[in-house]
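Here is coords_0.cif, consisting of mmCIF, C-alpha atoms:
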data_target
#
loop_
_atom_site.label_atom_id
_atom_site.label_comp_id
_atom_site.auth_asym_id
_atom_site.auth_seq_id
_atom_site.Cartn_x
_atom_site.Cartn_y
_atom_site.Cartn_z
CA MET A 272 -3.36 -7.33 -44.95
CA ASN A 273 -3.08 -9.85 -42.11
CA SER A 274 -4.31 -9.28 -38.58
CA ALA A 275 -0.79 -8.81 -37.26
CA GLN A 276 -0.33 -5.92 -39.68
CA ARG A 277 -3.63 -4.36 -38.62
CA VAL A 278 -2.61 -4.50 -34.98
CA LEU A 279 0.80 -3.10 -35.84
CA ASP A 280 -0.70 -0.20 -37.79
CA THR A 281 -2.80 0.71 -34.75
CA LEU A 282 0.24 0.63 -32.45
CA VAL A 283 2.41 2.65 -34.81
CA ALA A 284 -0.32 5.28 -34.90
CA LEU A 285 -0.39 5.25 -31.08
CA VAL A 286 3.35 5.86 -30.93
CA ASP A 287 3.06 8.69 -33.42
CA THR A 288 0.15 10.24 -31.52
CA THR A 289 1.47 9.89 -27.98
CA GLY A 290 5.17 10.42 -28.59
CA PHE A 291 6.07 7.24 -26.72
CA GLY A 292 9.78 6.62 -27.21
CA ALA A 293 9.50 3.31 -29.00
CA LEU A 294 12.50 1.94 -30.85
CA GLY A 295 10.71 -1.07 -32.32
CA VAL A 296 7.43 -2.96 -32.13
CA HIS A 297 6.86 -6.53 -33.27
CA VAL A 298 3.39 -8.09 -33.40
CA LEU A 299 2.73 -11.83 -33.54
CA VAL A 300 -0.83 -13.08 -34.07
CA GLY A 301 -0.97 -16.82 -34.56
CA ASP A 302 1.74 -17.46 -37.15
CA GLU A 303 1.49 -13.99 -38.70
CA ALA A 304 4.10 -11.40 -37.78
CA ALA A 305 4.65 -7.74 -38.58
CA SER A 306 7.11 -5.18 -37.26
CA HIS A 307 8.00 -1.52 -37.42
CA ARG A 308 11.11 0.36 -36.36
CA TRP A 309 11.93 3.91 -35.37
CA ALA A 310 15.64 3.06 -34.96
CA PRO A 311 18.01 0.32 -36.16
CA ASP A 312 17.33 -3.07 -34.57
CA LEU A 313 20.43 -3.21 -32.41
CA ARG A 314 20.78 -5.28 -29.29
CA ARG A 315 19.88 -3.37 -26.15
CA GLU A 316 19.49 -4.21 -22.50
CA VAL A 317 16.13 -5.88 -21.78
CA HIS A 318 16.40 -5.19 -18.04
CA SER A 319 13.85 -7.17 -16.00
CA VAL A 320 12.66 -9.22 -18.96
CA ALA A 321 15.81 -11.19 -18.09
CA LYS A 322 13.93 -12.47 -15.03
CA GLY A 323 11.68 -14.45 -17.38
CA ILE A 324 14.73 -15.94 -19.08
CA GLY A 325 15.94 -16.99 -15.64
CA VAL A 326 12.61 -18.73 -14.98
CA LEU A 327 12.94 -20.65 -18.25
CA ALA A 328 16.47 -21.71 -17.28
CA VAL A 329 15.30 -22.92 -13.87
CA GLY A 330 12.47 -24.78 -15.56
CA MET A 331 14.87 -26.56 -17.91
CA ALA A 332 17.03 -27.65 -14.99
CA ALA A 333 13.94 -28.84 -13.10
CA ASP A 334 12.81 -30.78 -16.18
CA ASP A 335 16.23 -32.46 -16.17
CA GLY A 336 15.69 -33.50 -12.55
CA LEU A 337 18.55 -31.31 -11.35
CA LEU A 338 16.58 -29.25 -8.85
CA ASP A 339 13.26 -28.79 -7.08
CA VAL A 340 11.99 -25.22 -6.79
CA ASP A 341 10.21 -26.04 -3.53
CA VAL A 342 13.28 -27.24 -1.65
CA PRO A 343 14.91 -24.59 0.58
CA VAL A 344 17.93 -23.03 -1.11
CA ALA A 345 19.94 -23.82 2.03
CA ALA A 346 20.27 -27.35 0.62
CA SER A 347 22.21 -25.94 -2.35
CA LEU A 348 24.20 -23.31 -0.44
CA PRO A 349 25.25 -25.08 2.78
CA ASP A 350 28.16 -22.71 3.49
CA VAL A 351 25.99 -19.58 3.59
CA ARG A 352 25.22 -17.98 6.96
CA PHE A 353 21.45 -17.47 6.74
CA GLY A 354 19.44 -14.76 8.42
CA ALA A 355 16.48 -15.48 10.68
CA GLY A 356 13.92 -17.51 8.69
CA THR A 357 15.89 -17.20 5.46
CA ASP A 358 17.00 -20.82 5.52
CA GLU A 359 13.37 -21.70 4.69
CA VAL A 360 13.38 -19.66 1.47
CA THR A 361 12.98 -21.72 -1.71
CA LEU A 362 13.73 -21.08 -5.37
CA ARG A 363 10.01 -20.55 -5.91
CA HIS A 364 10.06 -17.80 -3.29
CA LEU A 365 13.05 -16.16 -4.98
CA LEU A 366 11.43 -16.27 -8.41
CA THR A 367 8.06 -14.96 -7.18
CA MET A 368 9.69 -12.28 -5.00
CA THR A 369 8.17 -13.74 -1.84
CA SER A 370 11.33 -14.42 0.15
CA GLY A 371 10.37 -11.64 2.55
CA ILE A 372 13.98 -10.39 2.50
CA ASP A 373 14.34 -6.61 2.30
CA MET A 374 17.08 -5.53 -0.12
CA PRO A 375 16.69 -2.03 -1.57
CA TRP A 376 17.86 -1.74 -5.17
CA SER A 377 21.13 -0.05 -5.96
CA PRO A 378 22.53 0.53 -9.47
CA THR A 379 25.83 -0.86 -8.18
CA GLU A 380 24.42 -3.67 -6.06
CA LEU A 381 26.41 -6.37 -7.88
CA SER A 382 29.59 -4.80 -6.51
CA ASP A 383 28.30 -3.12 -3.33
CA TRP A 384 28.95 -6.29 -1.35
CA PRO A 385 31.75 -8.89 -1.45
CA ASP A 386 29.04 -11.43 -2.31
CA LEU A 387 25.51 -10.18 -3.05
CA ALA A 388 23.87 -13.60 -2.53
CA ARG A 389 25.46 -14.03 0.88
CA GLU A 390 24.44 -10.50 1.85
CA PHE A 391 20.88 -11.10 0.65
CA LEU A 392 20.45 -14.47 2.36
CA GLY A 393 22.18 -13.24 5.50
CA ARG A 394 19.34 -10.79 6.12
CA PRO A 395 16.19 -11.82 8.02
CA SER A 396 13.00 -12.86 6.27
CA ARG A 397 9.63 -11.33 7.11
CA GLY A 398 7.86 -14.44 5.87
CA ARG A 399 6.03 -14.96 2.60
CA VAL A 400 5.52 -11.32 1.73
CA PHE A 401 6.21 -9.70 -1.63
CA GLN A 402 9.44 -7.75 -1.89
CA TYR A 403 10.63 -7.02 -5.41
CA ALA A 404 14.43 -7.18 -5.60
CA ASN A 405 16.95 -7.83 -8.33
CA ALA A 406 19.02 -9.50 -5.64
CA SER A 407 16.33 -12.19 -5.40
CA SER A 408 16.75 -13.08 -9.09
CA TYR A 409 20.53 -12.94 -8.78
CA THR A 410 20.43 -15.33 -5.84
CA ALA A 411 18.12 -17.69 -7.75
CA MET A 412 20.69 -17.88 -10.53
CA ARG A 413 23.41 -18.57 -7.96
CA VAL A 414 21.39 -21.56 -6.77
CA LEU A 415 20.89 -22.68 -10.37
CA ALA A 416 24.64 -22.48 -10.94
CA THR A 417 25.21 -25.13 -8.26
CA ARG A 418 23.26 -27.54 -10.46
CA VAL A 419 24.15 -26.59 -14.06
CA GLY A 420 27.50 -24.83 -13.78
CA ASP A 421 27.80 -21.55 -15.63
CA VAL A 422 24.26 -20.23 -16.09
CA GLY A 423 25.17 -18.00 -19.02
CA ALA A 424 26.57 -20.97 -20.94
CA PHE A 425 23.55 -23.10 -19.97
CA VAL A 426 21.11 -20.49 -21.27
CA ALA A 427 23.13 -19.97 -24.45
CA ASP A 428 23.08 -23.69 -25.20
CA ARG A 429 19.60 -24.68 -24.04
CA LEU A 430 17.56 -21.57 -24.84
CA PHE A 431 19.23 -19.13 -27.19
CA ALA A 432 20.83 -21.60 -29.62
CA PRO A 433 17.53 -23.38 -30.42
CA LEU A 434 15.97 -19.95 -30.98
CA GLY A 435 18.71 -19.06 -33.46
CA ILE A 436 20.16 -16.40 -31.17
CA ASP A 437 23.97 -16.38 -31.03
CA GLY A 438 26.61 -14.40 -29.20
CA VAL A 439 24.49 -13.17 -26.30
CA THR A 440 26.37 -12.39 -23.12
CA TRP A 441 24.86 -11.98 -19.66
CA ARG A 442 26.35 -9.24 -17.49
CA ARG A 443 28.17 -10.64 -14.50
CA CYS A 444 29.10 -9.68 -10.97
CA PRO A 445 32.76 -9.37 -9.91
CA LEU A 446 32.64 -13.03 -8.80
CA GLY A 447 31.73 -14.09 -12.35
CA PHE A 448 28.07 -15.02 -11.79
CA VAL A 449 25.30 -13.75 -14.09
CA ALA A 450 23.33 -10.70 -12.95
CA GLY A 451 20.07 -12.67 -13.00
CA GLY A 452 17.44 -9.94 -12.98
CA GLU A 453 18.94 -7.90 -15.80
CA GLY A 454 22.04 -7.73 -17.95
CA ILE A 455 20.97 -9.33 -21.25
CA ALA A 456 20.90 -7.41 -24.53
CA LEU A 457 18.66 -8.55 -27.41
CA THR A 458 17.22 -7.03 -30.57
CA THR A 459 13.48 -6.53 -30.84
CA GLU A 460 13.25 -9.47 -33.21
CA GLU A 461 15.27 -11.73 -30.90
CA LEU A 462 13.13 -10.73 -27.94
CA ALA A 463 10.05 -11.57 -30.03
CA ARG A 464 11.40 -15.12 -30.45
CA VAL A 465 11.50 -15.48 -26.68
CA GLY A 466 7.93 -14.16 -26.54
CA ARG A 467 6.77 -16.69 -29.08
CA LEU A 468 8.38 -19.51 -27.10
CA VAL A 469 6.58 -18.41 -23.93
CA ARG A 470 3.26 -18.05 -25.76
CA ASP A 471 3.70 -21.52 -27.26
CA ARG A 472 4.36 -22.98 -23.82
CA GLY A 473 8.00 -23.83 -24.31
CA ALA A 474 7.88 -25.25 -27.84
CA VAL A 475 9.71 -24.06 -30.95
CA ASP A 476 9.67 -25.74 -34.37
CA GLY A 477 8.12 -28.85 -32.90
CA ARG A 478 10.76 -29.14 -30.18
CA GLN A 479 9.87 -28.78 -26.51
CA LEU A 480 12.63 -26.71 -24.90
CA VAL A 481 10.96 -26.48 -21.49
CA ASP A 482 7.78 -27.92 -20.03
CA GLY A 483 4.82 -25.67 -20.70
CA GLY A 484 4.05 -25.45 -17.00
CA TRP A 485 7.00 -23.12 -16.51
CA CYS A 486 5.61 -20.69 -19.07
CA ASP A 487 2.20 -20.94 -17.41
CA ALA A 488 3.85 -20.17 -14.06
CA MET A 489 4.77 -16.73 -15.38
CA HIS A 490 1.09 -15.73 -15.35
CA THR A 491 -0.73 -18.02 -12.92
CA ASP A 492 -0.84 -18.43 -9.13
CA TRP A 493 -0.59 -14.69 -8.76
CA VAL A 494 0.92 -13.11 -5.70
CA VAL A 495 -1.70 -10.44 -5.05
CA ARG A 496 -0.49 -7.09 -3.73
CA PRO A 497 -3.55 -5.42 -2.14
CA ASP A 498 -1.56 -2.25 -1.40
CA ALA A 499 -0.50 -1.75 -5.03
CA GLU A 500 -2.33 -0.22 -7.98
CA PRO A 501 -2.76 -1.97 -11.35
CA PRO A 502 -0.80 -2.97 -13.33
CA TYR A 503 1.55 -3.79 -10.45
CA ASP A 504 -0.92 -5.51 -8.14
CA ARG A 505 -0.24 -9.11 -9.31
CA TYR A 506 3.06 -10.90 -9.82
CA ALA A 507 3.91 -14.50 -10.62
CA MET A 508 7.23 -16.02 -11.77
CA ALA A 509 8.65 -12.94 -13.52
CA GLY A 510 5.30 -11.92 -15.02
CA TRP A 511 3.06 -9.00 -14.06
CA GLY A 512 -0.71 -9.14 -14.42
CA GLY A 513 -2.27 -6.51 -16.65
CA PRO A 514 -2.91 -4.01 -17.89
CA GLY A 515 -6.48 -5.17 -18.45
CA PRO A 516 -6.63 -8.71 -19.82
CA LEU A 517 -2.93 -8.78 -20.71
CA TRP A 518 0.01 -10.10 -18.77
CA ARG A 519 3.58 -9.03 -19.38
CA LEU A 520 7.29 -9.37 -18.88
CA HIS A 521 8.35 -5.79 -18.25
CA GLY A 522 11.83 -4.30 -18.19
CA ALA A 523 12.89 -0.75 -17.41
CA TYR A 524 12.63 1.96 -20.07
CA GLY A 525 9.84 0.16 -21.91
CA GLN A 526 11.23 -3.28 -22.81
CA MET A 527 8.07 -5.41 -22.82
CA LEU A 528 6.57 -8.68 -23.92
CA LEU A 529 2.77 -8.23 -23.81
CA PHE A 530 0.66 -11.39 -24.02
CA HIS A 531 -3.01 -11.69 -24.94
CA GLY A 532 -4.16 -15.12 -26.11
CA GLU A 533 -2.40 -15.93 -29.37
CA THR A 534 -1.07 -12.38 -29.68
CA VAL A 535 2.33 -11.24 -28.48
CA VAL A 536 3.40 -7.61 -28.75
CA THR A 537 7.14 -7.07 -28.33
CA VAL A 538 8.27 -3.55 -27.51
CA THR A 539 11.74 -2.07 -27.18
CA ALA A 540 11.91 1.55 -26.15
CA ASP A 541 13.75 4.28 -24.33
CA ASP A 542 10.86 5.75 -22.37
CA HIS A 543 10.52 4.58 -18.78
CA ALA A 544 7.80 7.07 -17.88
CA GLY A 545 5.61 6.29 -20.88
CA ALA A 546 5.74 2.50 -20.81
CA ASP A 547 2.72 1.85 -18.58
CA ALA A 548 0.47 4.13 -20.60
CA PHE A 549 1.57 2.50 -23.84
CA ALA A 550 0.95 -0.99 -22.43
CA ALA A 551 -2.54 0.14 -21.40
CA ALA A 552 -3.17 1.45 -24.91
CA VAL A 553 -2.04 -1.90 -26.34
CA ALA A 554 -4.54 -3.64 -24.08
CA VAL A 555 -7.35 -1.45 -25.39
CA ALA A 556 -6.25 -1.94 -28.99
CA LEU A 557 -6.20 -5.74 -28.67
CA GLU A 558 -9.68 -5.82 -27.18
CA ARG A 559 -11.25 -4.07 -30.17
#

Written as structure tokens, that's how I'd like the structure from this file.
Amino acid sequence: MNSAQRVLDTLVALVDTTGFGALGVHVLVGDEAASHRWAPDLRREVHSVAKGIGVLAVGMAADDGLLDVDVPVAASLPDVRFGAGTDEVTLRHLLTMTSGIDMPWSPTELSDWPDLAREFLGRPSRGRVFQYANASSYTAMRVLATRVGDVGAFVADRLFAPLGIDGVTWRRCPLGFVAGGEGIALTTEELARVGRLVRDRGAVDGRQLVDGGWCDAMHTDWVVRPDAEPPYDRYAMAGWGGPGPLWRLHGAYGQMLLFHGETVVTVTADDHAGADAFAAAVAVALER
């Protein structure tokens, strides 16, 4: 029995004991993989894990010399009327949620405004303070679109196709732009392929899809939130620090990629309330 299977057995027992609403768990340790399902492996919304896919897409464009994440986005969106201080916001700020622009989440935010990016950037900035907002990721993808064209097609060609993932669509706003911070549906196994790519610093089958520094940026140079409790007290480019020694890409209702050294635990679930406790239990299990 390989180590991936041993880890998986522990996690399956945790699900059975706690009642966490897992749909599937995939464990990768080195090159060994094991998985278990409680439901068919159908594609389902990965929610905020999509923010990590957006970071990879930005990284690919940056590798191509098409953009610089530290240049103000005003250079790419010259016809936008910016709020006070917002014209200094960069792609890096959008991806690390440090634009300082307040934009409360709404389940209909993609259609609440004639143009969500213009509404977002038209608001004032409070400086380089953390403010988590799906609108920030959406706006980052709008900037990316000025350099690569349709972002959904770019991601399908440059990321998903090399991973052997076909037919993925990205939910769009009424203007036709990708949602950015959510809106992608993947199976557990497909999501695990993304996790492996991130763990392996952008490489798959000997091919470098994106410079490893972009994968590192998901869990380095943390934006520390002194007013927040773990595991929400550190954020980087799409990645959260913790629980414990882990870091993670974390979507609503328990869609998670949990990273610990050479181990990646991929979770799909329908249990928003139980996700943090399960992630903490994974951290304990991987430390044994």

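Nearest residue to Val426 of chain A among A:Tyr503, A:Leu327, A:Ala310, A:Gly354 is A:Leu327, counting all atoms listed in the file.
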
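Taking only C-alpha atoms, the non-local environment of segment 376-384 of chain A within 9 Å (same-chain residues fewer than 4 positions away omitted) comprises Ala388, Arg389, Glu390, Tyr403, Ala404, Asn405, Ala406, Tyr409, Arg443, Cys444, Pro445 and Ala450 of chain A.
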
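Using only C-alpha atoms, the smallest distance between any of A:Trp518, A:Ile436, A:Arg315, A:Ala328 and Asp504 of chain A comes from A:Trp518.
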
Return as JSON lines the residues of segment 367-476 of chain A lying at most 9 Å from segment 506-512 of chain A, together with the closest atom-to-atom pair for each and the distance in Å to one decimal, counting all atoms listed in the file, with rows in chain order and ascending residue number.
{"residue": "A:Thr367", "atom": "CA", "partner": "A:Met508", "partner_atom": "CA", "distance": 4.8}
{"residue": "A:Met368", "atom": "CA", "partner": "A:Met508", "partner_atom": "CA", "distance": 8.1}
{"residue": "A:Phe401", "atom": "CA", "partner": "A:Tyr506", "partner_atom": "CA", "distance": 8.9}

Hey, can you check how far atom CA of Arg496 of chain A sits from atom CA of Gly452 of chain A?
20.4 Å

Evaluate the PyMOL selection byres ((chain A and resi 352) around 10) and record the selected residues as a tab-separated table (two decimals) with C-alpha atoms, in the coordinates of the input, following the chain and residue labels used in the document.
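File result-v1.tsv, as written:
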chain	number	residue	atom	x	y	z
A	345	ALA	CA	19.94	-23.82	2.03
A	348	LEU	CA	24.20	-23.31	-0.44
A	349	PRO	CA	25.25	-25.08	2.78
A	350	ASP	CA	28.16	-22.71	3.49
A	351	VAL	CA	25.99	-19.58	3.59
A	353	PHE	CA	21.45	-17.47	6.74
A	354	GLY	CA	19.44	-14.76	8.42
A	355	ALA	CA	16.48	-15.48	10.68
A	357	THR	CA	15.89	-17.20	5.46
A	358	ASP	CA	17.00	-20.82	5.52
A	389	ARG	CA	25.46	-14.03	0.88
A	390	GLU	CA	24.44	-10.50	1.85
A	392	LEU	CA	20.45	-14.47	2.36
A	393	GLY	CA	22.18	-13.24	5.50
A	394	ARG	CA	19.34	-10.79	6.12

So, counting only C-alpha atoms, which residue among A:Val283, A:Val481, A:Leu557, A:Leu362 is closest to Ser407 of chain A?
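Looking only at the distances to Ser407 of chain A, the closest residue turns out to be A:Leu362.
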